[in-house]
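As stored in structure_1.cif (mmCIF, C-alpha atoms and all ligand atoms):
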```cif
data_query
loop_
_atom_site.group_PDB
_atom_site.id
_atom_site.type_symbol
_atom_site.label_atom_id
_atom_site.label_comp_id
_atom_site.auth_asym_id
_atom_site.auth_seq_id
_atom_site.Cartn_x
_atom_site.Cartn_y
_atom_site.Cartn_z
ATOM 1 C CA MET G 1 3.678 -19.852 7.508
ATOM 2 C CA THR G 2 5.824 -17.025 6.179
ATOM 3 C CA VAL G 3 5.672 -13.738 8.037
ATOM 4 C CA PRO G 4 4.757 -10.886 5.639
ATOM 5 C CA LEU G 5 7.408 -8.530 6.994
ATOM 6 C CA ARG G 6 10.149 -9.122 9.534
ATOM 7 C CA ALA G 7 13.056 -7.020 10.757
ATOM 8 C CA GLU G 8 15.780 -9.319 12.005
ATOM 9 C CA GLY G 9 18.517 -8.103 14.363
ATOM 10 C CA VAL G 10 18.453 -4.691 12.759
ATOM 11 C CA GLU G 11 20.826 -1.931 13.851
ATOM 12 C CA LEU G 12 19.952 1.615 12.789
ATOM 13 C CA ALA G 13 21.984 4.808 12.676
ATOM 14 C CA HIS G 14 21.931 8.225 11.029
ATOM 15 C CA GLY G 15 25.281 9.553 9.874
ATOM 16 C CA GLY G 16 27.109 7.181 12.181
ATOM 17 C CA ALA G 17 25.004 8.166 15.227
ATOM 18 C CA PRO G 18 23.374 5.006 16.612
ATOM 19 C CA ILE G 19 19.598 5.001 17.035
ATOM 20 C CA CYS G 20 18.681 1.441 17.884
ATOM 21 C CA ARG G 21 20.250 -1.973 17.823
ATOM 22 C CA ASP G 22 19.234 -5.591 17.671
ATOM 23 C CA VAL G 23 15.662 -4.801 16.699
ATOM 24 C CA THR G 24 13.607 -7.817 15.756
ATOM 25 C CA LEU G 25 10.004 -7.158 14.835
ATOM 26 C CA GLU G 26 7.452 -9.271 13.007
ATOM 27 C CA LEU G 27 4.247 -8.060 11.405
ATOM 28 C CA ALA G 28 1.580 -10.740 11.608
ATOM 29 C CA ARG G 29 -0.550 -11.257 8.504
ATOM 30 C CA ALA G 30 -3.783 -9.247 8.353
ATOM 31 C CA GLU G 31 -3.064 -7.713 11.740
ATOM 32 C CA VAL G 32 -2.363 -4.157 12.850
ATOM 33 C CA THR G 33 0.944 -3.559 14.615
ATOM 34 C CA ALA G 34 1.331 -0.206 16.357
ATOM 35 C CA LEU G 35 4.829 1.142 16.826
ATOM 36 C CA VAL G 36 4.965 3.511 19.793
ATOM 37 C CA GLY G 37 7.708 5.190 21.810
ATOM 38 C CA PRO G 38 9.174 8.539 22.812
ATOM 39 C CA ASN G 39 10.096 11.296 20.360
ATOM 40 C CA GLY G 40 13.362 10.528 18.640
ATOM 41 C CA SER G 41 13.369 6.861 19.645
ATOM 42 C CA GLY G 42 13.596 5.782 16.001
ATOM 43 C CA LYS G 43 10.034 4.800 15.083
ATOM 44 C CA SER G 44 10.079 6.590 11.717
ATOM 45 C CA THR G 45 13.578 5.342 10.974
ATOM 46 C CA LEU G 46 12.496 1.776 11.734
ATOM 47 C CA LEU G 47 9.373 2.112 9.581
ATOM 48 C CA ARG G 48 11.457 3.546 6.736
ATOM 49 C CA THR G 49 13.864 0.650 7.135
ATOM 50 C CA LEU G 50 10.937 -1.777 6.815
ATOM 51 C CA ALA G 51 10.057 0.050 3.572
ATOM 52 C CA ARG G 52 13.683 -0.102 2.327
ATOM 53 C CA LEU G 53 13.930 3.676 2.471
ATOM 54 C CA HIS G 54 16.684 3.516 5.100
ATOM 55 C CA ARG G 55 19.551 1.074 5.021
ATOM 56 C CA PRO G 56 20.299 -0.718 8.298
ATOM 57 C CA GLU G 57 23.896 -0.852 9.596
ATOM 58 C CA SER G 58 23.425 -4.553 10.181
ATOM 59 C CA GLY G 59 20.656 -7.129 10.252
ATOM 60 C CA ARG G 60 18.091 -7.557 7.516
ATOM 61 C CA VAL G 61 14.465 -7.096 6.575
ATOM 62 C CA LEU G 62 12.549 -10.004 5.087
ATOM 63 C CA LEU G 63 9.471 -9.400 2.921
ATOM 64 C CA GLU G 64 7.525 -12.628 2.416
ATOM 65 C CA GLY G 65 10.650 -14.479 3.505
ATOM 66 C CA ALA G 66 12.978 -12.876 0.938
ATOM 67 C CA ASP G 67 15.564 -10.213 1.724
ATOM 68 C CA ILE G 68 13.930 -6.883 0.912
ATOM 69 C CA ALA G 69 17.187 -5.814 -0.749
ATOM 70 C CA SER G 70 16.578 -8.415 -3.456
ATOM 71 C CA TYR G 71 13.306 -6.880 -4.699
ATOM 72 C CA SER G 72 13.160 -4.739 -7.831
ATOM 73 C CA PRO G 73 11.604 -1.296 -7.229
ATOM 74 C CA ARG G 74 8.395 -2.409 -8.964
ATOM 75 C CA GLY G 75 8.364 -5.746 -7.165
ATOM 76 C CA LEU G 76 8.745 -3.942 -3.859
ATOM 77 C CA ALA G 77 5.959 -1.459 -4.652
ATOM 78 C CA ARG G 78 3.612 -4.300 -5.557
ATOM 79 C CA ASN G 79 4.189 -5.931 -2.202
ATOM 80 C CA LEU G 80 4.537 -3.008 0.149
ATOM 81 C CA ALA G 81 3.039 0.495 0.363
ATOM 82 C CA PHE G 82 4.425 3.226 2.589
ATOM 83 C CA LEU G 83 2.758 6.477 3.561
ATOM 84 C CA THR G 84 5.072 9.089 4.969
ATOM 85 C CA GLN G 85 4.225 11.280 7.972
ATOM 86 C CA THR G 86 3.464 14.543 6.167
ATOM 87 C CA PRO G 87 3.129 13.948 2.453
ATOM 88 C CA THR G 88 3.330 17.119 0.374
ATOM 89 C CA VAL G 89 0.015 17.979 -1.189
ATOM 90 C CA PRO G 90 0.309 18.319 -4.953
ATOM 91 C CA SER G 91 -1.701 21.387 -5.823
ATOM 92 C CA GLY G 92 -4.753 21.105 -8.057
ATOM 93 C CA ILE G 93 -5.079 17.329 -8.264
ATOM 94 C CA THR G 94 -8.249 15.483 -7.363
ATOM 95 C CA VAL G 95 -8.767 12.584 -4.987
ATOM 96 C CA ALA G 96 -9.237 10.159 -7.894
ATOM 97 C CA GLU G 97 -6.069 11.426 -9.584
ATOM 98 C CA LEU G 98 -4.111 11.015 -6.351
ATOM 99 C CA ALA G 99 -5.398 7.464 -5.939
ATOM 100 C CA ALA G 100 -4.401 6.724 -9.539
ATOM 101 C CA TYR G 101 -0.777 7.602 -8.651
ATOM 102 C CA GLY G 102 -0.803 4.441 -6.559
ATOM 103 C CA ARG G 103 -1.080 2.435 -9.786
ATOM 104 C CA HIS G 104 2.318 3.473 -11.129
ATOM 105 C CA PRO G 105 4.106 0.233 -10.154
ATOM 106 C CA HIS G 106 1.512 -1.765 -12.103
ATOM 107 C CA ARG G 107 1.454 0.189 -15.338
ATOM 108 C CA GLY G 108 2.971 -1.203 -18.528
ATOM 109 C CA LEU G 109 6.678 -0.461 -18.720
ATOM 110 C CA LEU G 110 6.442 0.842 -22.264
ATOM 111 C CA THR G 111 2.986 2.389 -22.519
ATOM 112 C CA GLY G 112 2.493 3.620 -18.950
ATOM 113 C CA ARG G 113 -1.245 3.507 -19.762
ATOM 114 C CA SER G 114 -3.860 2.532 -17.267
ATOM 115 C CA GLY G 115 -6.206 -0.368 -17.931
ATOM 116 C CA SER G 116 -9.318 -1.842 -16.403
ATOM 117 C CA LYS G 117 -7.309 -3.409 -13.564
ATOM 118 C CA ASP G 118 -6.019 0.044 -12.658
ATOM 119 C CA ARG G 119 -9.495 1.552 -12.762
ATOM 120 C CA ASP G 120 -10.834 -1.306 -10.610
ATOM 121 C CA ALA G 121 -8.028 -0.850 -8.074
ATOM 122 C CA VAL G 122 -8.649 2.891 -7.825
ATOM 123 C CA ALA G 123 -12.409 2.317 -7.475
ATOM 124 C CA TRP G 124 -11.744 -0.241 -4.739
ATOM 125 C CA ALA G 125 -9.336 2.095 -2.895
ATOM 126 C CA LEU G 126 -11.860 4.945 -2.995
ATOM 127 C CA GLU G 127 -14.575 2.625 -1.756
ATOM 128 C CA ALA G 128 -12.449 1.122 1.043
ATOM 129 C CA THR G 129 -11.491 4.575 2.318
ATOM 130 C CA GLY G 130 -14.949 6.097 1.869
ATOM 131 C CA THR G 131 -13.505 8.709 -0.474
ATOM 132 C CA GLY G 132 -15.729 7.818 -3.453
ATOM 133 C CA PRO G 133 -17.987 10.850 -2.902
ATOM 134 C CA LEU G 134 -14.862 13.050 -2.839
ATOM 135 C CA ARG G 135 -13.317 11.646 -6.008
ATOM 136 C CA ASP G 136 -13.563 14.896 -7.996
ATOM 137 C CA ARG G 137 -12.627 17.214 -5.129
ATOM 138 C CA GLN G 138 -9.188 18.833 -5.087
ATOM 139 C CA ILE G 139 -6.870 17.474 -2.405
ATOM 140 C CA ASP G 140 -5.911 20.926 -1.150
ATOM 141 C CA HIS G 141 -9.594 21.762 -0.556
ATOM 142 C CA LEU G 142 -10.235 18.814 1.764
ATOM 143 C CA SER G 143 -10.378 18.665 5.559
ATOM 144 C CA GLY G 144 -7.455 17.002 7.330
ATOM 145 C CA GLY G 145 -9.359 13.750 7.814
ATOM 146 C CA GLU G 146 -10.610 13.634 4.250
ATOM 147 C CA ARG G 147 -7.113 14.351 2.960
ATOM 148 C CA GLN G 148 -5.582 11.629 5.114
ATOM 149 C CA ARG G 149 -8.123 9.145 3.776
ATOM 150 C CA ALA G 150 -7.291 10.235 0.228
ATOM 151 C CA TRP G 151 -3.590 9.560 0.874
ATOM 152 C CA ILE G 152 -4.447 6.157 2.270
ATOM 153 C CA ALA G 153 -6.544 5.554 -0.879
ATOM 154 C CA MET G 154 -3.440 6.250 -2.954
ATOM 155 C CA ALA G 155 -1.423 3.760 -0.912
ATOM 156 C CA LEU G 156 -4.233 1.187 -1.178
ATOM 157 C CA ALA G 157 -4.576 1.586 -4.948
ATOM 158 C CA GLN G 158 -1.078 0.112 -5.070
ATOM 159 C CA ARG G 159 -2.837 -3.107 -4.032
ATOM 160 C CA ALA G 160 0.105 -4.098 -1.852
ATOM 161 C CA PRO G 161 -0.672 -6.620 0.881
ATOM 162 C CA VAL G 162 1.537 -4.756 3.398
ATOM 163 C CA LEU G 163 0.887 -1.135 4.359
ATOM 164 C CA LEU G 164 3.160 1.026 6.519
ATOM 165 C CA LEU G 165 1.735 4.275 7.906
ATOM 166 C CA ASP G 166 3.831 6.883 9.711
ATOM 167 C CA GLU G 167 1.683 8.843 12.179
ATOM 168 C CA PRO G 168 -1.447 8.999 10.014
ATOM 169 C CA THR G 169 -3.397 10.757 12.793
ATOM 170 C CA THR G 170 -1.050 13.711 13.313
ATOM 171 C CA TYR G 171 -2.804 17.097 13.114
ATOM 172 C CA LEU G 172 -6.241 15.496 13.060
ATOM 173 C CA ASP G 173 -8.909 16.263 15.616
ATOM 174 C CA ILE G 174 -10.248 13.391 17.690
ATOM 175 C CA ARG G 175 -13.110 12.625 15.289
ATOM 176 C CA TYR G 176 -10.813 12.281 12.302
ATOM 177 C CA GLN G 177 -8.241 10.370 14.342
ATOM 178 C CA VAL G 178 -10.922 7.812 15.162
ATOM 179 C CA GLU G 179 -12.082 7.787 11.540
ATOM 180 C CA VAL G 180 -8.580 7.010 10.281
ATOM 181 C CA LEU G 181 -7.960 4.405 12.984
ATOM 182 C CA ARG G 182 -11.255 2.635 12.185
ATOM 183 C CA LEU G 183 -10.229 2.630 8.551
ATOM 184 C CA VAL G 184 -6.869 1.095 9.494
ATOM 185 C CA ARG G 185 -8.721 -1.554 11.517
ATOM 186 C CA SER G 186 -11.003 -2.392 8.600
ATOM 187 C CA LEU G 187 -8.063 -2.679 6.197
ATOM 188 C CA ALA G 188 -6.810 -5.573 8.285
ATOM 189 C CA ASP G 189 -10.189 -7.076 9.196
ATOM 190 C CA ASP G 190 -12.078 -6.688 5.931
ATOM 191 C CA HIS G 191 -9.293 -6.609 3.344
ATOM 192 C CA GLY G 192 -6.616 -8.847 4.883
ATOM 193 C CA ILE G 193 -3.943 -6.150 4.747
ATOM 194 C CA THR G 194 -0.972 -6.344 7.088
ATOM 195 C CA VAL G 195 -0.524 -2.915 8.650
ATOM 196 C CA ALA G 196 2.207 -1.288 10.721
ATOM 197 C CA VAL G 197 1.371 2.145 12.032
ATOM 198 C CA VAL G 198 3.393 4.624 14.072
ATOM 199 C CA LEU G 199 1.192 6.217 16.723
ATOM 200 C CA HIS G 200 1.829 8.546 19.636
ATOM 201 C CA ASP G 201 -1.389 7.933 21.536
ATOM 202 C CA LEU G 202 -0.870 4.805 23.614
ATOM 203 C CA ASN G 203 -4.575 4.343 24.263
ATOM 204 C CA GLN G 204 -5.414 4.550 20.591
ATOM 205 C CA ALA G 205 -2.680 2.024 19.872
ATOM 206 C CA ALA G 206 -4.109 -0.320 22.521
ATOM 207 C CA ALA G 207 -7.659 0.136 21.236
ATOM 208 C CA PHE G 208 -6.999 -0.343 17.528
ATOM 209 C CA ALA G 209 -3.901 -2.522 17.186
ATOM 210 C CA ASP G 210 -3.530 -6.281 17.609
ATOM 211 C CA THR G 211 0.099 -5.891 18.634
ATOM 212 C CA MET G 212 2.018 -3.000 20.205
ATOM 213 C CA ALA G 213 5.787 -2.655 19.930
ATOM 214 C CA VAL G 214 7.471 -0.090 22.172
ATOM 215 C CA LEU G 215 10.731 1.387 20.945
ATOM 216 C CA ALA G 216 12.715 3.163 23.652
ATOM 217 C CA GLY G 217 16.323 3.605 24.682
ATOM 218 C CA GLY G 218 17.610 2.118 21.442
ATOM 219 C CA ARG G 219 15.693 -1.135 21.519
ATOM 220 C CA ILE G 220 12.252 -2.704 21.568
ATOM 221 C CA ILE G 221 11.416 -2.929 25.246
ATOM 222 C CA ALA G 222 8.016 -4.594 24.868
ATOM 223 C CA ASP G 223 6.190 -6.277 22.021
ATOM 224 C CA GLY G 224 2.921 -8.193 22.147
ATOM 225 C CA ARG G 225 -0.787 -7.910 22.817
ATOM 226 C CA PRO G 226 -1.798 -4.483 24.183
ATOM 227 C CA ALA G 227 -2.911 -5.916 27.538
ATOM 228 C CA ASP G 228 0.613 -7.305 28.068
ATOM 229 C CA VAL G 229 2.475 -4.300 26.678
ATOM 230 C CA LEU G 230 0.638 -1.235 27.958
ATOM 231 C CA THR G 231 1.594 -1.481 31.607
ATOM 232 C CA GLU G 232 2.638 1.135 34.161
ATOM 233 C CA ASP G 233 6.166 -0.325 34.176
ATOM 234 C CA VAL G 234 6.546 -0.154 30.400
ATOM 235 C CA VAL G 235 5.237 3.436 30.273
ATOM 236 C CA ARG G 236 7.642 4.424 33.081
ATOM 237 C CA THR G 237 10.603 2.772 31.374
ATOM 238 C CA ALA G 238 9.796 4.194 27.949
ATOM 239 C CA PHE G 239 8.598 7.683 28.804
ATOM 240 C CA GLY G 240 9.902 8.255 32.353
ATOM 241 C CA ILE G 241 6.518 9.141 33.845
ATOM 242 C CA ASP G 242 4.284 7.504 36.404
ATOM 243 C CA THR G 243 0.793 6.728 35.169
ATOM 244 C CA THR G 244 -2.124 4.546 36.101
ATOM 245 C CA VAL G 245 -3.115 1.827 33.669
ATOM 246 C CA ILE G 246 -6.613 0.423 34.044
ATOM 247 C CA SER G 247 -8.400 -2.340 32.201
ATOM 248 C CA ASP G 248 -11.557 -1.305 30.341
ATOM 249 C CA PRO G 249 -14.342 -3.274 32.059
ATOM 250 C CA ASP G 250 -16.137 -3.897 28.744
ATOM 251 C CA THR G 251 -13.280 -4.728 26.386
ATOM 252 C CA GLY G 252 -10.474 -5.723 28.752
ATOM 253 C CA LEU G 253 -8.200 -3.356 26.840
ATOM 254 C CA PRO G 254 -5.663 -1.351 28.817
ATOM 255 C CA THR G 255 -6.110 2.401 29.151
ATOM 256 C CA CYS G 256 -3.357 4.642 30.420
ATOM 257 C CA LEU G 257 -4.397 7.573 32.623
ATOM 258 C CA PRO G 258 -1.447 9.948 32.579
ATOM 259 C CA TYR G 259 -2.854 13.290 33.738
ATOM 260 C CA ARG G 260 -2.682 14.731 37.221
ATOM 261 C CA ARG G 261 -1.539 18.240 37.991
ATOM 262 C CA ASP G 262 0.424 17.285 41.088
ATOM 263 C CA GLY G 263 2.500 14.723 39.221
ATOM 264 C CA GLU G 264 1.051 11.795 41.134
ATOM 265 C CA PRO G 265 -0.361 8.906 39.093
ATOM 266 C CA ALA G 266 -4.099 9.281 38.500
ATOM 267 C CA PRO G 267 -6.267 7.320 40.950
ATOM 268 C CA VAL G 268 -8.032 4.277 39.584
ATOM 269 C CA PRO G 269 -11.657 5.313 38.888
ATOM 270 C CA GLY G 270 -14.096 3.813 41.356
ATOM 271 C CA ALA G 271 -11.383 2.562 43.708
ATOM 272 C CA ALA G 272 -11.292 3.606 47.359
ATOM 273 C CA THR G 273 -8.847 6.494 47.694
ATOM 274 C CA GLY G 274 -7.861 6.129 51.328
ATOM 275 C CA ALA G 275 -8.918 5.486 54.893
ATOM 276 C CA GLY G 276 -10.856 8.744 55.162
ATOM 277 C CA HIS G 277 -12.850 8.064 52.040
ATOM 278 C CA ALA G 278 -15.550 5.847 53.518
ATOM 279 C CA ALA G 279 -16.148 8.304 56.354
ATOM 280 C CA ASP G 280 -17.162 10.918 53.815
ATOM 281 C CA HIS G 281 -20.378 9.036 53.060
HETATM 282 N N1 LIG P 1 17.777 12.248 8.179
HETATM 283 C C1 LIG P 1 18.314 12.250 9.405
HETATM 284 N N2 LIG P 1 19.611 12.602 9.598
HETATM 285 C C2 LIG P 1 20.171 12.576 10.818
HETATM 286 N N3 LIG P 1 19.530 12.209 11.929
HETATM 287 C C3 LIG P 1 18.228 11.857 11.812
HETATM 288 C C4 LIG P 1 17.550 11.860 10.545
HETATM 289 N N4 LIG P 1 16.297 11.446 10.730
HETATM 290 C C5 LIG P 1 16.161 11.209 12.052
HETATM 291 N N5 LIG P 1 17.328 11.458 12.703
HETATM 292 C C6 LIG P 1 17.574 11.283 14.138
HETATM 293 O O1 LIG P 1 17.351 9.921 14.429
HETATM 294 C C7 LIG P 1 16.688 9.766 15.688
HETATM 295 C C8 LIG P 1 15.408 8.978 15.465
HETATM 296 O O2 LIG P 1 14.545 9.755 14.669
HETATM 297 P P1 LIG P 1 13.116 9.237 14.218
HETATM 298 O O3 LIG P 1 12.473 10.297 13.408
HETATM 299 O O4 LIG P 1 13.261 7.899 13.636
HETATM 300 O O5 LIG P 1 12.385 9.071 15.629
HETATM 301 P P2 LIG P 1 10.831 8.984 15.968
HETATM 302 O O6 LIG P 1 10.715 8.022 17.087
HETATM 303 O O7 LIG P 1 10.053 8.703 14.745
HETATM 304 O O8 LIG P 1 10.566 10.464 16.478
HETATM 305 P P3 LIG P 1 9.208 11.325 16.591
HETATM 306 O O9 LIG P 1 8.324 10.620 17.559
HETATM 307 O O10 LIG P 1 9.693 12.617 17.140
HETATM 308 O O11 LIG P 1 8.604 11.457 15.222
HETATM 309 C C9 LIG P 1 16.459 11.171 16.212
HETATM 310 O O12 LIG P 1 17.496 11.458 17.116
HETATM 311 C C10 LIG P 1 16.574 12.049 14.985
HETATM 312 O O13 LIG P 1 17.060 13.329 15.322
#
```
Using the file provided, produce a representation of the structure as structure tokens.
Ligand SMILES: Nc1ncnc2c1ncn2[C@@H]1O[C@H](COP(=O)(O)OP(=O)(O)OP(=O)(O)O)[C@@H](O)[C@H]1O
Amino acid sequence: MTVPLRAEGVELAHGGAPICRDVTLELARAEVTALVGPNGSGKSTLLRTLARLHRPESGRVLLEGADIASYSPRGLARNLAFLTQTPTVPSGITVAELAAYGRHPHRGLLTGRSGSKDRDAVAWALEATGTGPLRDRQIDHLSGGERQRAWIAMALAQRAPVLLLDEPTTYLDIRYQVEVLRLVRSLADDHGITVAVVLHDLNQAAAFADTMAVLAGGRIIADGRPADVLTEDVVRTAFGIDTTVISDPDTGLPTCLPYRRDGEPAPVPGAATGAGHAADH
């Protein structure tokens, strides 16, 4: 079966300065792939490369098996939607109007008019993102979480089977982060969309993604199911800190415990902490 999106031996640079090399990454169909890694490791550049917004030095990106360079702009937009990290908020436009922007690649070349397919796609995008009740609200009057969902509605209205999201949870409080991540999960589970998402929170990535890819030191150092990827070794190699990674007893998902004031890894909850411990009871 063809992989929806695949970077193959990609080498990335900005202005001649190398960022990463020999990156091979596959997005599995109707799954969520989280791209994580330290600041400046190249996550956004890689995501932009997958969206054909950055040209690799070498290697190639295949969209449904065809070189992404061979797609027309409209053909690309019908197959792949990309939401940048901090989209600029156009002043005065409503949620429904923003979502309708996502229909541009589908409009008639000559008339540019919207038809019933466009209206259906916008209605579906509002429904899928839970932004229907907000449809007539102005974007710049929304909360961060509502606004992020409205942007995702715009990307969804494009009706592209592949969606790339660059840090969609940035600046959101924990409730809205969870709201957006649940939405991302449902896009894959309920709508069959293939999603790649850049995230900073390793535990959120492990909880919501099917696959985690860790970009660090100019290459992908780990790529696979969260339980295999989110390990103390990988976190140490990628971020240079010692942590404790435990397995959630209910879900089996890994959780990284990074915080301790003295710099020591956090103790495993419930585990004996030393010889003197038992004598305390
Ligand atoms: N337009 C640009 N011109 C020159 N250098 C750039 C440009 N964009 C990014 N870089 C550099 O490329 C490297 C990778 O940047 P990128 O934004 O891809 O990393 P990132 O992993 O997404 O970072 P962060 O987690 O901080 O968002 C960084 O060193 C950055 O300074």
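Among the candidates G:Arg185, G:Lys117, G:Arg6, G:His200, the residue lying nearest to ligand LIG 1 (chain P) is G:His200 (atoms considered: only C-alpha atoms and all ligand atoms).
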(message) Going by the chain IDs and residue numbers used in this file, which residues fall under the PyMOL selection byres (((not hetatm)) within 10 of (chain P and resi 1))? Write them as a ChimeraX atom specification.
(response) /G:12-20,35-49,54,85,166-167,198-200,215-216,218
(request) Take atom CA of G:Ala100 and atom CA of G:Ala150 and report the distance between them in Å, one decimal. (result) 10.8 Å
(message) Residues within 8 Å of G:Thr94, please, as a ChimeraX atom specification. Count only C-alpha atoms; anything in the same chain fewer than 2 positions from it doesn't count.
(response) /G:92,96-98,135-139
Could you write out that same residue set with C-alpha atoms as a PDB file, in the frame of the given file?
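out05.pdb, written as the output of this step:
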```pdb
ATOM      1  CA  GLY G  92      -4.753  21.105  -8.057  1.00  0.00           C
ATOM      2  CA  ALA G  96      -9.237  10.159  -7.894  1.00  0.00           C
ATOM      3  CA  GLU G  97      -6.069  11.426  -9.584  1.00  0.00           C
ATOM      4  CA  LEU G  98      -4.111  11.015  -6.351  1.00  0.00           C
ATOM      5  CA  ARG G 135     -13.317  11.646  -6.008  1.00  0.00           C
ATOM      6  CA  ASP G 136     -13.563  14.896  -7.996  1.00  0.00           C
ATOM      7  CA  ARG G 137     -12.627  17.214  -5.129  1.00  0.00           C
ATOM      8  CA  GLN G 138      -9.188  18.833  -5.087  1.00  0.00           C
ATOM      9  CA  ILE G 139      -6.870  17.474  -2.405  1.00  0.00           C
TER      10      ILE G 139
END
```
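With the shown file loaded, the PyMOL selection byres (((chain G and resi 247-253) around 12) and not hetatm) picks out Leu202, Asn203, Gln204, Ala205, Ala206, Ala207, Phe208, Ala209, Asp210, Thr211, Arg225, Pro226, Ala227, Asp228, Val229, Leu230, Thr231, Glu232, Thr244, Val245, Ile246, Pro254, Thr255, Cys256, Leu257, Val268, Pro269 and Gly270 of chain G.
Of the listed residues (G:Arg52, G:Leu25, G:Leu187, G:Arg219), G:Arg52 comes nearest to G:Tyr71; the distances count only C-alpha atoms.
Separating atom CA of G:Arg182 from atom CA of G:Val214 is a distance of 21.4 Å.
For the pair atom CA of G:Ala155 and atom CA of G:Ile93, the interatomic distance is 15.9 Å.
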(request) Identify which of the residues G:Asn79, G:Thr84, G:Ile193, G:Val95 lies closest to G:Pro133, counting all atoms listed in the file when measuring atom-to-atom distances. (result) G:Val95
